[in-house]
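Structure file target.cif (mmCIF, C-alpha atoms) follows.
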```cif
data_start
loop_
_atom_site.group_PDB
_atom_site.id
_atom_site.type_symbol
_atom_site.label_atom_id
_atom_site.label_comp_id
_atom_site.auth_asym_id
_atom_site.auth_seq_id
_atom_site.Cartn_x
_atom_site.Cartn_y
_atom_site.Cartn_z
ATOM 1 C CA MET A 144 -246.869 -51.512 145.553
ATOM 2 C CA ARG A 145 -248.728 -53.636 143.003
ATOM 3 C CA TYR A 146 -251.794 -55.712 143.743
ATOM 4 C CA ARG A 147 -253.329 -58.589 141.780
ATOM 5 C CA ILE A 148 -257.111 -58.971 141.968
ATOM 6 C CA GLU A 149 -258.270 -62.488 141.098
ATOM 7 C CA TYR A 150 -261.898 -63.108 140.159
ATOM 8 C CA ALA A 151 -264.097 -65.451 138.110
ATOM 9 C CA ASP A 152 -262.734 -68.487 139.998
ATOM 10 C CA GLY A 153 -259.120 -67.556 139.258
ATOM 11 C CA ARG A 154 -259.619 -67.391 135.488
ATOM 12 C CA CYS A 155 -259.251 -63.596 135.329
ATOM 13 C CA CYS A 156 -257.114 -61.085 137.120
ATOM 14 C CA ASN A 157 -256.327 -57.383 137.052
ATOM 15 C CA TYR A 158 -253.360 -55.494 138.414
ATOM 16 C CA ALA A 159 -253.550 -52.296 140.452
ATOM 17 C CA ASN A 160 -250.647 -49.926 140.986
ATOM 18 C CA GLY A 161 -251.093 -48.757 144.556
ATOM 19 C CA ARG A 162 -253.867 -48.691 147.089
ATOM 20 C CA ASN A 163 -255.936 -45.951 145.424
ATOM 21 C CA ASP A 164 -255.924 -47.839 142.119
ATOM 22 C CA LEU A 165 -256.893 -51.027 143.971
ATOM 23 C CA LEU A 166 -259.897 -49.337 145.579
ATOM 24 C CA GLU A 167 -261.009 -48.046 142.166
ATOM 25 C CA TRP A 168 -260.791 -51.578 140.705
ATOM 26 C CA LEU A 169 -262.838 -52.932 143.603
ATOM 27 C CA LYS A 170 -265.569 -50.411 142.788
ATOM 28 C CA LEU A 171 -265.517 -51.424 139.108
ATOM 29 C CA LEU A 172 -265.574 -55.156 139.876
ATOM 30 C CA ARG A 173 -268.509 -54.866 142.272
ATOM 31 C CA ASP A 174 -270.582 -57.522 140.453
ATOM 32 C CA GLU A 175 -267.713 -60.026 140.161
ATOM 33 C CA LYS A 176 -266.940 -62.603 142.835
ATOM 34 C CA ILE A 177 -263.402 -61.717 143.870
ATOM 35 C CA THR A 178 -261.552 -64.817 145.063
ATOM 36 C CA ASP A 179 -258.276 -63.233 146.217
ATOM 37 C CA ILE A 180 -256.355 -59.972 146.437
ATOM 38 C CA ARG A 181 -252.582 -60.421 146.488
ATOM 39 C CA LYS A 182 -249.808 -57.929 147.159
ATOM 40 C CA VAL A 183 -247.057 -58.386 144.546
ATOM 41 C CA TYR A 184 -243.494 -57.584 145.631
ATOM 42 C CA LYS A 185 -240.655 -56.555 143.304
ATOM 43 C CA SER A 186 -239.088 -59.999 143.726
ATOM 44 C CA GLY A 187 -242.266 -61.578 142.330
ATOM 45 C CA ALA A 188 -243.390 -63.034 145.657
ATOM 46 C CA THR A 189 -247.023 -62.485 146.646
ATOM 47 C CA ASP A 190 -248.997 -62.313 149.883
ATOM 48 C CA SER A 191 -252.740 -62.454 150.263
ATOM 49 C CA VAL A 192 -254.286 -59.236 151.625
ATOM 50 C CA MET A 193 -257.887 -60.362 151.148
ATOM 51 C CA GLU A 194 -258.736 -59.977 154.853
ATOM 52 C CA THR A 195 -257.504 -56.369 154.860
ATOM 53 C CA TYR A 196 -259.754 -55.327 151.951
ATOM 54 C CA LYS A 197 -262.741 -57.577 152.669
ATOM 55 C CA SER A 198 -264.750 -54.650 154.048
ATOM 56 C CA TYR A 199 -264.436 -52.844 150.690
ATOM 57 C CA LEU A 200 -265.910 -55.811 148.803
ATOM 58 C CA ASN A 201 -269.313 -55.570 150.474
ATOM 59 C CA LYS A 202 -269.896 -51.899 149.651
#
```
Rewrite the structure of this file - the entire thing - as C-alpha cells.
Amino acid sequence: MRYRIEYADGRCCNYANGRNDLLEWLKLLRDEKITDIRKVYKSGATDSVMETYKSYLNK
C-alpha cells in the first residue's frame, strides 16, 4: 500500500511504500507541519488516514 504525506500547506508531498516506510517518513518530517496523510490505492483513489496516524505525529 502506498501513502502520500502532504506538508507545508499542501505544497510538498512524499510517498511511502508501506506502513514501515510511512513511520520512517513521519520521524524524518518531525519539524514539518503535516496537513494530511492519504492512502493511495492502485486505481488512483485516495482516502485520508490522518486520524489513524495522528498519535505518531506528536512523538
Ground truth for the PyMOL selection byres ((chain A and resi 152) around 8), written as a count of residues only
9
Which residues are near A:Met144? Cut-off 10 Å, all atoms listed in the file, ignore same chain within fewer than 4 positions. Put them as a CSV table (one decimal) with C-alpha atoms, in the coordinates of the input.
```
chain,number,residue,atom,x,y,z
A,159,ALA,CA,-253.6,-52.3,140.5
A,160,ASN,CA,-250.6,-49.9,141.0
A,161,GLY,CA,-251.1,-48.8,144.6
A,162,ARG,CA,-253.9,-48.7,147.1
A,182,LYS,CA,-249.8,-57.9,147.2
A,183,VAL,CA,-247.1,-58.4,144.5
A,184,TYR,CA,-243.5,-57.6,145.6
A,185,LYS,CA,-240.7,-56.6,143.3
```
If the PyMOL selection byres ((chain A and resi 195) around 12) is run on the structure shown, which residues does it catch, given as a VMD selection string?
chain A and resid 162 166 179 to 182 190 to 194 196 to 200
If you measure from atom CA of A:Glu175 to atom CA of A:Ala188, what distance in Å do you get, rounded to one decimal?
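Between atom CA of A:Glu175 and atom CA of A:Ala188 the gap works out to 25.1 Å.
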What does the distance from atom CA of A:Glu167 to atom CA of A:Tyr146 come to in Å, to one decimal?
12.1 Å
Could you work out how far atom CA of A:Ser186 lies from atom CA of A:Leu171, giving the answer in Å with one decimal?
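It comes out at 28.2 Å.
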Centre, edges in Å (one decimal): axis-aligned box, stretch 164-177 of chain A, 6 Å padding on all six sides, as AutoDock Vina command-line options:
```
--center_x -263.3 --center_y -55.2 --center_z 142.3 --size_x 26.7 --size_y 26.8 --size_z 18.5
```
With only C-alpha atoms as the counted atoms, please give the residues lying no more than 9 Å from A:Trp168, apart from itself and same-chain residues fewer than 5 positions off, as an NGL selection string.
:A and (148 or 157-159 or 163 or 173)
Complete stretch 154-184 of chain A at the level of N, CA and C atoms, written as a PDB file, in the frame of the given file.
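Generated file (selection-v1.pdb):
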```
ATOM      1  N   ARG A 154    -259.841 -67.419 136.937  1.00  0.00           N
ATOM      2  CA  ARG A 154    -259.619 -67.391 135.488  1.00  0.00           C
ATOM      3  C   ARG A 154    -259.217 -66.013 134.996  1.00  0.00           C
ATOM      4  N   CYS A 155    -259.554 -64.967 135.739  1.00  0.00           N
ATOM      5  CA  CYS A 155    -259.251 -63.596 135.329  1.00  0.00           C
ATOM      6  C   CYS A 155    -258.557 -62.873 136.469  1.00  0.00           C
ATOM      7  N   CYS A 156    -257.722 -61.913 136.093  1.00  0.00           N
ATOM      8  CA  CYS A 156    -257.114 -61.085 137.120  1.00  0.00           C
ATOM      9  C   CYS A 156    -256.783 -59.718 136.534  1.00  0.00           C
ATOM     10  N   ASN A 157    -256.721 -58.739 137.406  1.00  0.00           N
ATOM     11  CA  ASN A 157    -256.327 -57.383 137.052  1.00  0.00           C
ATOM     12  C   ASN A 157    -255.247 -56.949 138.017  1.00  0.00           C
ATOM     13  N   TYR A 158    -254.415 -56.017 137.567  1.00  0.00           N
ATOM     14  CA  TYR A 158    -253.360 -55.494 138.414  1.00  0.00           C
ATOM     15  C   TYR A 158    -253.650 -54.044 138.749  1.00  0.00           C
ATOM     16  N   ALA A 159    -253.379 -53.672 139.993  1.00  0.00           N
ATOM     17  CA  ALA A 159    -253.550 -52.296 140.452  1.00  0.00           C
ATOM     18  C   ALA A 159    -252.201 -51.781 140.930  1.00  0.00           C
ATOM     19  N   ASN A 160    -251.894 -50.557 140.562  1.00  0.00           N
ATOM     20  CA  ASN A 160    -250.647 -49.926 140.986  1.00  0.00           C
ATOM     21  C   ASN A 160    -250.931 -49.007 142.165  1.00  0.00           C
ATOM     22  N   GLY A 161    -250.860 -49.545 143.359  1.00  0.00           N
ATOM     23  CA  GLY A 161    -251.093 -48.757 144.556  1.00  0.00           C
ATOM     24  C   GLY A 161    -252.475 -48.961 145.129  1.00  0.00           C
ATOM     25  N   ARG A 162    -252.628 -48.490 146.356  1.00  0.00           N
ATOM     26  CA  ARG A 162    -253.867 -48.691 147.089  1.00  0.00           C
ATOM     27  C   ARG A 162    -255.049 -47.952 146.459  1.00  0.00           C
ATOM     28  N   ASN A 163    -254.837 -46.721 146.029  1.00  0.00           N
ATOM     29  CA  ASN A 163    -255.936 -45.951 145.424  1.00  0.00           C
ATOM     30  C   ASN A 163    -256.454 -46.630 144.160  1.00  0.00           C
ATOM     31  N   ASP A 164    -255.544 -47.123 143.333  1.00  0.00           N
ATOM     32  CA  ASP A 164    -255.924 -47.839 142.119  1.00  0.00           C
ATOM     33  C   ASP A 164    -256.675 -49.126 142.474  1.00  0.00           C
ATOM     34  N   LEU A 165    -256.226 -49.809 143.521  1.00  0.00           N
ATOM     35  CA  LEU A 165    -256.893 -51.027 143.971  1.00  0.00           C
ATOM     36  C   LEU A 165    -258.334 -50.739 144.388  1.00  0.00           C
ATOM     37  N   LEU A 166    -258.543 -49.679 145.138  1.00  0.00           N
ATOM     38  CA  LEU A 166    -259.897 -49.337 145.579  1.00  0.00           C
ATOM     39  C   LEU A 166    -260.794 -48.979 144.398  1.00  0.00           C
ATOM     40  N   GLU A 167    -260.239 -48.341 143.380  1.00  0.00           N
ATOM     41  CA  GLU A 167    -261.009 -48.046 142.166  1.00  0.00           C
ATOM     42  C   GLU A 167    -261.408 -49.331 141.445  1.00  0.00           C
ATOM     43  N   TRP A 168    -260.479 -50.294 141.339  1.00  0.00           N
ATOM     44  CA  TRP A 168    -260.791 -51.578 140.705  1.00  0.00           C
ATOM     45  C   TRP A 168    -261.880 -52.309 141.477  1.00  0.00           C
ATOM     46  N   LEU A 169    -261.813 -52.252 142.802  1.00  0.00           N
ATOM     47  CA  LEU A 169    -262.838 -52.932 143.603  1.00  0.00           C
ATOM     48  C   LEU A 169    -264.218 -52.336 143.369  1.00  0.00           C
ATOM     49  N   LYS A 170    -264.282 -51.045 143.121  1.00  0.00           N
ATOM     50  CA  LYS A 170    -265.569 -50.411 142.788  1.00  0.00           C
ATOM     51  C   LYS A 170    -266.062 -50.884 141.428  1.00  0.00           C
ATOM     52  N   LEU A 171    -265.138 -51.004 140.457  1.00  0.00           N
ATOM     53  CA  LEU A 171    -265.517 -51.424 139.108  1.00  0.00           C
ATOM     54  C   LEU A 171    -265.932 -52.896 139.064  1.00  0.00           C
ATOM     55  N   LEU A 172    -265.311 -53.716 139.881  1.00  0.00           N
ATOM     56  CA  LEU A 172    -265.574 -55.156 139.876  1.00  0.00           C
ATOM     57  C   LEU A 172    -266.618 -55.544 140.919  1.00  0.00           C
ATOM     58  N   ARG A 173    -267.512 -54.653 141.227  1.00  0.00           N
ATOM     59  CA  ARG A 173    -268.509 -54.866 142.272  1.00  0.00           C
ATOM     60  C   ARG A 173    -269.361 -56.109 142.015  1.00  0.00           C
ATOM     61  N   ASP A 174    -269.709 -56.394 140.769  1.00  0.00           N
ATOM     62  CA  ASP A 174    -270.582 -57.522 140.453  1.00  0.00           C
ATOM     63  C   ASP A 174    -269.832 -58.849 140.320  1.00  0.00           C
ATOM     64  N   GLU A 175    -268.515 -58.806 140.277  1.00  0.00           N
ATOM     65  CA  GLU A 175    -267.713 -60.026 140.161  1.00  0.00           C
ATOM     66  C   GLU A 175    -267.476 -60.627 141.539  1.00  0.00           C
ATOM     67  N   LYS A 176    -267.310 -61.945 141.584  1.00  0.00           N
ATOM     68  CA  LYS A 176    -266.940 -62.603 142.835  1.00  0.00           C
ATOM     69  C   LYS A 176    -265.419 -62.651 142.904  1.00  0.00           C
ATOM     70  N   ILE A 177    -264.854 -61.801 143.737  1.00  0.00           N
ATOM     71  CA  ILE A 177    -263.402 -61.717 143.870  1.00  0.00           C
ATOM     72  C   ILE A 177    -262.945 -62.842 144.797  1.00  0.00           C
ATOM     73  N   THR A 178    -262.006 -63.669 144.292  1.00  0.00           N
ATOM     74  CA  THR A 178    -261.552 -64.817 145.063  1.00  0.00           C
ATOM     75  C   THR A 178    -260.315 -64.509 145.891  1.00  0.00           C
ATOM     76  N   ASP A 179    -259.478 -63.559 145.452  1.00  0.00           N
ATOM     77  CA  ASP A 179    -258.276 -63.233 146.217  1.00  0.00           C
ATOM     78  C   ASP A 179    -257.723 -61.882 145.777  1.00  0.00           C
ATOM     79  N   ILE A 180    -257.096 -61.204 146.712  1.00  0.00           N
ATOM     80  CA  ILE A 180    -256.355 -59.972 146.437  1.00  0.00           C
ATOM     81  C   ILE A 180    -254.954 -60.219 146.969  1.00  0.00           C
ATOM     82  N   ARG A 181    -253.954 -60.109 146.104  1.00  0.00           N
ATOM     83  CA  ARG A 181    -252.582 -60.421 146.488  1.00  0.00           C
ATOM     84  C   ARG A 181    -251.676 -59.214 146.287  1.00  0.00           C
ATOM     85  N   LYS A 182    -250.820 -58.973 147.262  1.00  0.00           N
ATOM     86  CA  LYS A 182    -249.808 -57.929 147.159  1.00  0.00           C
ATOM     87  C   LYS A 182    -248.617 -58.535 146.427  1.00  0.00           C
ATOM     88  N   VAL A 183    -248.148 -57.870 145.359  1.00  0.00           N
ATOM     89  CA  VAL A 183    -247.057 -58.386 144.546  1.00  0.00           C
ATOM     90  C   VAL A 183    -245.803 -57.569 144.854  1.00  0.00           C
ATOM     91  N   TYR A 184    -244.754 -58.234 145.321  1.00  0.00           N
ATOM     92  CA  TYR A 184    -243.494 -57.584 145.631  1.00  0.00           C
ATOM     93  C   TYR A 184    -242.593 -57.531 144.399  1.00  0.00           C
TER      94      TYR A 184
END
```
